[in-house]
file model.cif (mmCIF, C-alpha atoms)
data_entry
loop_
_atom_site.label_atom_id
_atom_site.label_comp_id
_atom_site.auth_asym_id
_atom_site.auth_seq_id
_atom_site.Cartn_x
_atom_site.Cartn_y
_atom_site.Cartn_z
CA MET A 19 68.29 190.17 162.06
CA ARG A 20 68.91 193.88 161.56
CA PHE A 21 69.68 194.22 165.26
CA ALA A 22 72.32 191.47 165.05
CA VAL A 23 73.98 193.17 162.06
CA LEU A 24 73.89 196.55 163.82
CA LEU A 25 75.36 195.03 166.99
CA ALA A 26 78.12 193.31 165.00
CA CYS A 27 78.97 196.62 163.28
CA LEU A 28 79.08 198.47 166.60
CA LEU A 29 81.33 195.82 168.12
CA ALA A 30 83.65 195.96 165.11
CA VAL A 31 83.91 199.74 165.29
CA SER A 32 84.54 199.74 169.04
CA ALA A 33 87.21 197.05 168.66
CA CYS A 34 89.04 199.28 166.18
CA SER A 35 88.84 202.45 168.26
CA LYS A 36 92.02 203.75 169.82
CA PRO A 37 92.48 202.95 173.51
CA ARG A 38 92.17 205.97 175.79
CA PRO A 39 95.10 206.62 178.10
CA PRO A 40 94.41 206.24 181.82
CA VAL A 41 93.62 209.51 183.60
CA GLY A 42 95.66 210.03 186.75
CA LYS A 43 98.92 211.01 188.40
CA TRP A 44 102.11 209.03 188.92
CA GLU A 45 105.41 209.91 190.57
CA GLY A 46 108.63 208.28 191.58
CA GLY A 47 112.36 208.52 191.78
CA TYR A 48 115.32 206.51 190.64
CA GLU A 49 118.79 206.20 192.10
CA GLY A 50 121.42 203.89 190.70
CA GLY A 51 124.82 203.85 189.06
CA GLY A 52 125.36 207.51 189.84
CA ASP A 53 122.08 208.53 188.19
CA LEU A 54 119.31 210.35 190.03
CA VAL A 55 115.87 211.04 188.59
CA ALA A 56 112.76 212.63 190.10
CA ALA A 57 109.68 212.17 187.91
CA ARG A 58 106.02 213.09 187.61
CA VAL A 59 103.42 212.16 185.02
CA GLU A 60 99.86 213.45 184.83
CA ILE A 61 97.41 212.29 182.21
CA LEU A 62 94.55 214.71 181.76
CA PRO A 63 90.94 213.75 180.88
CA GLY A 64 91.39 214.98 177.29
CA GLY A 65 94.42 212.69 176.83
CA GLY A 66 97.14 215.34 177.20
CA VAL A 67 100.18 214.15 179.12
CA LYS A 68 102.28 216.30 181.42
CA VAL A 69 105.67 214.74 182.14
CA SER A 70 108.78 216.02 183.86
CA ALA A 71 111.86 214.09 184.92
CA PRO A 72 114.82 216.22 185.98
CA ASP A 73 117.96 214.13 186.36
CA ILE A 74 121.54 214.26 187.52
CA THR A 75 124.17 211.90 186.15
CA SER A 76 127.41 211.08 187.94
CA ALA A 77 125.87 211.88 191.32
CA MET A 78 128.69 210.68 193.51
CA GLY A 79 129.63 211.60 197.05
CA SER A 80 128.66 210.84 200.60
CA ARG A 81 125.13 209.76 201.45
CA GLU A 82 124.48 213.28 202.72
CA GLN A 83 125.64 214.80 199.41
CA VAL A 84 123.48 212.41 197.38
CA ASP A 85 120.50 213.12 199.65
CA ALA A 86 121.03 216.85 199.08
CA LEU A 87 121.02 216.24 195.31
CA ARG A 88 117.81 214.22 195.63
CA ALA A 89 116.23 217.07 197.59
CA GLN A 90 117.31 219.55 194.90
CA LEU A 91 115.80 217.40 192.14
CA ALA A 92 112.55 217.08 194.10
CA ALA A 93 112.42 220.86 194.58
CA ASP A 94 113.18 221.47 190.89
CA LEU A 95 110.38 219.08 189.92
CA ALA A 96 107.84 220.70 192.25
CA ASN A 97 108.83 224.27 191.41
CA GLY A 98 108.78 223.71 187.66
CA TRP A 99 105.60 221.62 187.47
CA SER A 100 103.30 224.57 186.76
CA GLU A 101 105.35 225.33 183.64
CA VAL A 102 105.01 221.82 182.15
CA THR A 103 102.69 221.83 179.14
CA PRO A 104 100.68 218.78 178.11
CA ARG A 105 101.79 216.89 175.03
CA THR A 106 100.24 214.15 173.00
CA PHE A 107 101.42 210.59 172.63
CA ASP A 108 100.27 207.62 170.60
CA PHE A 109 98.87 205.05 173.05
CA ASP A 110 98.13 201.42 172.21
CA GLY A 111 96.62 200.41 175.54
CA LYS A 112 100.01 199.78 177.17
CA THR A 113 102.78 201.80 175.52
CA PHE A 114 103.05 205.54 174.95
CA ARG A 115 105.12 206.74 172.00
CA LYS A 116 105.74 210.14 170.47
CA PRO A 117 103.27 210.70 167.60
CA GLY A 118 104.48 208.54 164.73
CA GLY A 119 107.44 207.39 166.81
CA VAL A 120 108.81 203.94 167.53
CA ALA A 121 110.69 204.25 170.83
CA PRO A 122 108.56 203.68 173.93
CA GLN A 123 108.30 206.76 176.16
CA MET A 124 106.14 205.21 178.90
CA ALA A 125 104.45 201.91 179.63
CA TRP A 126 101.32 201.43 181.72
CA ASP A 127 100.39 198.23 183.55
CA LYS A 128 96.59 198.19 183.72
CA ASP A 129 96.52 195.49 186.42
CA THR A 130 98.72 197.41 188.90
CA ASN A 131 98.16 200.95 187.56
CA GLN A 132 101.95 201.37 187.59
CA MET A 133 103.51 203.65 185.00
CA THR A 134 107.09 203.17 183.83
CA LEU A 135 108.82 206.17 182.32
CA GLU A 136 111.46 205.28 179.73
CA LEU A 137 114.10 207.97 180.23
CA TYR A 138 116.66 208.52 177.50
CA ILE A 139 119.86 210.22 178.69
CA GLY A 140 122.36 210.90 175.94
CA ALA A 141 123.08 207.93 173.71
CA ARG A 142 122.46 205.40 176.47
CA PRO A 143 119.69 202.82 176.30
CA ALA A 144 116.38 203.76 177.90
CA MET A 145 116.39 203.82 181.69
CA PRO A 146 113.09 202.52 183.12
CA VAL A 147 111.86 204.66 186.02
CA ALA A 148 108.99 202.99 187.90
CA LEU A 149 106.27 205.42 188.98
CA ARG A 150 103.51 204.73 191.46
CA PRO A 151 99.97 206.08 191.18
CA VAL A 152 99.18 208.95 193.57
CA ASP A 153 96.09 211.00 194.34
CA GLY A 154 98.22 214.13 194.64
CA PHE A 155 101.88 214.93 194.11
CA HIS A 156 104.28 214.98 197.05
CA ASP A 157 107.23 217.19 197.88
CA ASN A 158 109.47 214.14 197.74
CA PRO A 159 108.80 211.81 194.77
CA PHE A 160 111.43 209.40 196.13
CA ALA A 161 109.31 208.67 199.21
CA SER A 162 107.07 205.66 199.17
CA GLY A 163 103.38 205.65 199.90
#
call {"tool": "encode", "arguments": {"input": "model.cif", "output": "structure tokens"}}
result
Amino acid sequence: MRFAVLLACLLAVSACSKPRPPVGKWEGGYEGGGDLVAARVEILPGGGVKVSAPDITSAMGSREQVDALRAQLAADLANGWSEVTPRTFDFDGKTFRKPGGVAPQMAWDKDTNQMTLELYIGARPAMPVALRPVDGFHDNPFASG
């Protein structure tokens, strides 16, 4: 009987514990409506989150000009990554929010291991930037694979 009570208590405590964020790396890029974004996210074993998402708005021009802007964003992301410091987020098992905040900052799909960065530019609604899981970061976050 004592074992059953102890087991029930342990299950109740574990059900109330905060979900741990997934450890890993994600990257991706977004291009649409004149917006360009290159993004990386790394979640460290201790739960710290490194995130960087340089962007350009009103990126208009020829395909060659837009490709040059994409290359510049990718270089900025790679060159600045060592300076990104981990921050903490509240995590409910799916959504990351600033501590005590309401607005979603990222969402994680456990089934696909896809991360979606919610990027806020100015007063516009959040722009979802889909990120794919990677073993290591690439020079070009826009590339697939």
call {"tool": "atom_distance", "arguments": {"input": "model.cif", "atom1": "CA of Lys68 in chain A", "atom2": "CA of Asp85 in chain A"}}
result
26.0 Å
call {"tool": "resolve_selection", "arguments": {"input": "model.cif", "expression": "the PyMOL selection byres ((chain A and resi 42) around 9)", "output": "NGL selection string"}}
result
:A and (40-41 or 43-44 or 59-63 or 151-153)
call {"tool": "atom_distance", "arguments": {"input": "model.cif", "atom1": "CA of Asp94 in chain A", "atom2": "CA of Gln132 in chain A"}}
result
23.3 Å
call {"tool": "closest_residue", "arguments": {"input": "model.cif", "among": "A:Gly118, A:Pro146, A:Gly51, A:Pro159", "to": "Leu91 in chain A", "atoms": "all atoms listed in the file"}}
result
A:Pro159
call {"tool": "atom_distance", "arguments": {"input": "model.cif", "atom1": "CA of Glu101 in chain A", "atom2": "CA of Ala71 in chain A"}}
result
13.1 Å
call {"tool": "residues_around", "arguments": {"input": "model.cif", "residues": "Gly66 in chain A", "least_positions_apart": "5", "cutoff": "8 Å", "atoms": "all atoms listed in the file", "output": "mmCIF file with C-alpha atoms, in the frame of the given file"}}
result
data_model
loop_
_atom_site.group_PDB
_atom_site.id
_atom_site.type_symbol
_atom_site.label_atom_id
_atom_site.label_comp_id
_atom_site.auth_asym_id
_atom_site.auth_seq_id
_atom_site.Cartn_x
_atom_site.Cartn_y
_atom_site.Cartn_z
ATOM 1 C CA ILE A 61 97.410 212.290 182.210
ATOM 2 C CA PRO A 104 100.680 218.780 178.110
ATOM 3 C CA ARG A 105 101.790 216.890 175.030
ATOM 4 C CA THR A 106 100.240 214.150 173.000
ATOM 5 C CA PHE A 107 101.420 210.590 172.630
#
call {"tool": "resolve_selection", "arguments": {"input": "model.cif", "expression": "the PyMOL selection byres ((chain A and resi 126) around 12)", "output": "ChimeraX atom specification"}}
result
/A:38-44,59,61,109-115,122-125,127-136,146-151
call {"tool": "closest_residue", "arguments": {"input": "model.cif", "among": "A:Ser35, A:Ser70, A:Thr75, A:Gln83", "to": "Ala96 in chain A", "atoms": "all atoms listed in the file"}}
result
A:Ser70
call {"tool": "resolve_selection", "arguments": {"input": "model.cif", "expression": "the PyMOL selection byres ((chain A and resi 53) around 10)", "output": "number ranges by chain"}}
result
A: 48-52, 54-55, 73-78, 139, 145
call {"tool": "closest_residue", "arguments": {"input": "model.cif", "among": "A:Asp108, A:Ala93, A:Ala161, A:Thr103", "to": "Lys36 in chain A", "atoms": "all atoms listed in the file"}}
result
A:Asp108
call {"tool": "residues_near_point", "arguments": {"input": "model.cif", "point": "(106.7, 220.9, 189.4)", "cutoff": "10 Å", "atoms": "all atoms listed in the file", "output": "list of chain:residue names"}}
result
A:Ala57, A:Arg58, A:Val69, A:Ser70, A:Ala71, A:Pro72, A:Ala92, A:Ala93, A:Asp94, A:Leu95, A:Ala96, A:Asn97, A:Gly98, A:Trp99, A:Ser100, A:Glu101, A:Val102, A:Phe155, A:His156, A:Asp157
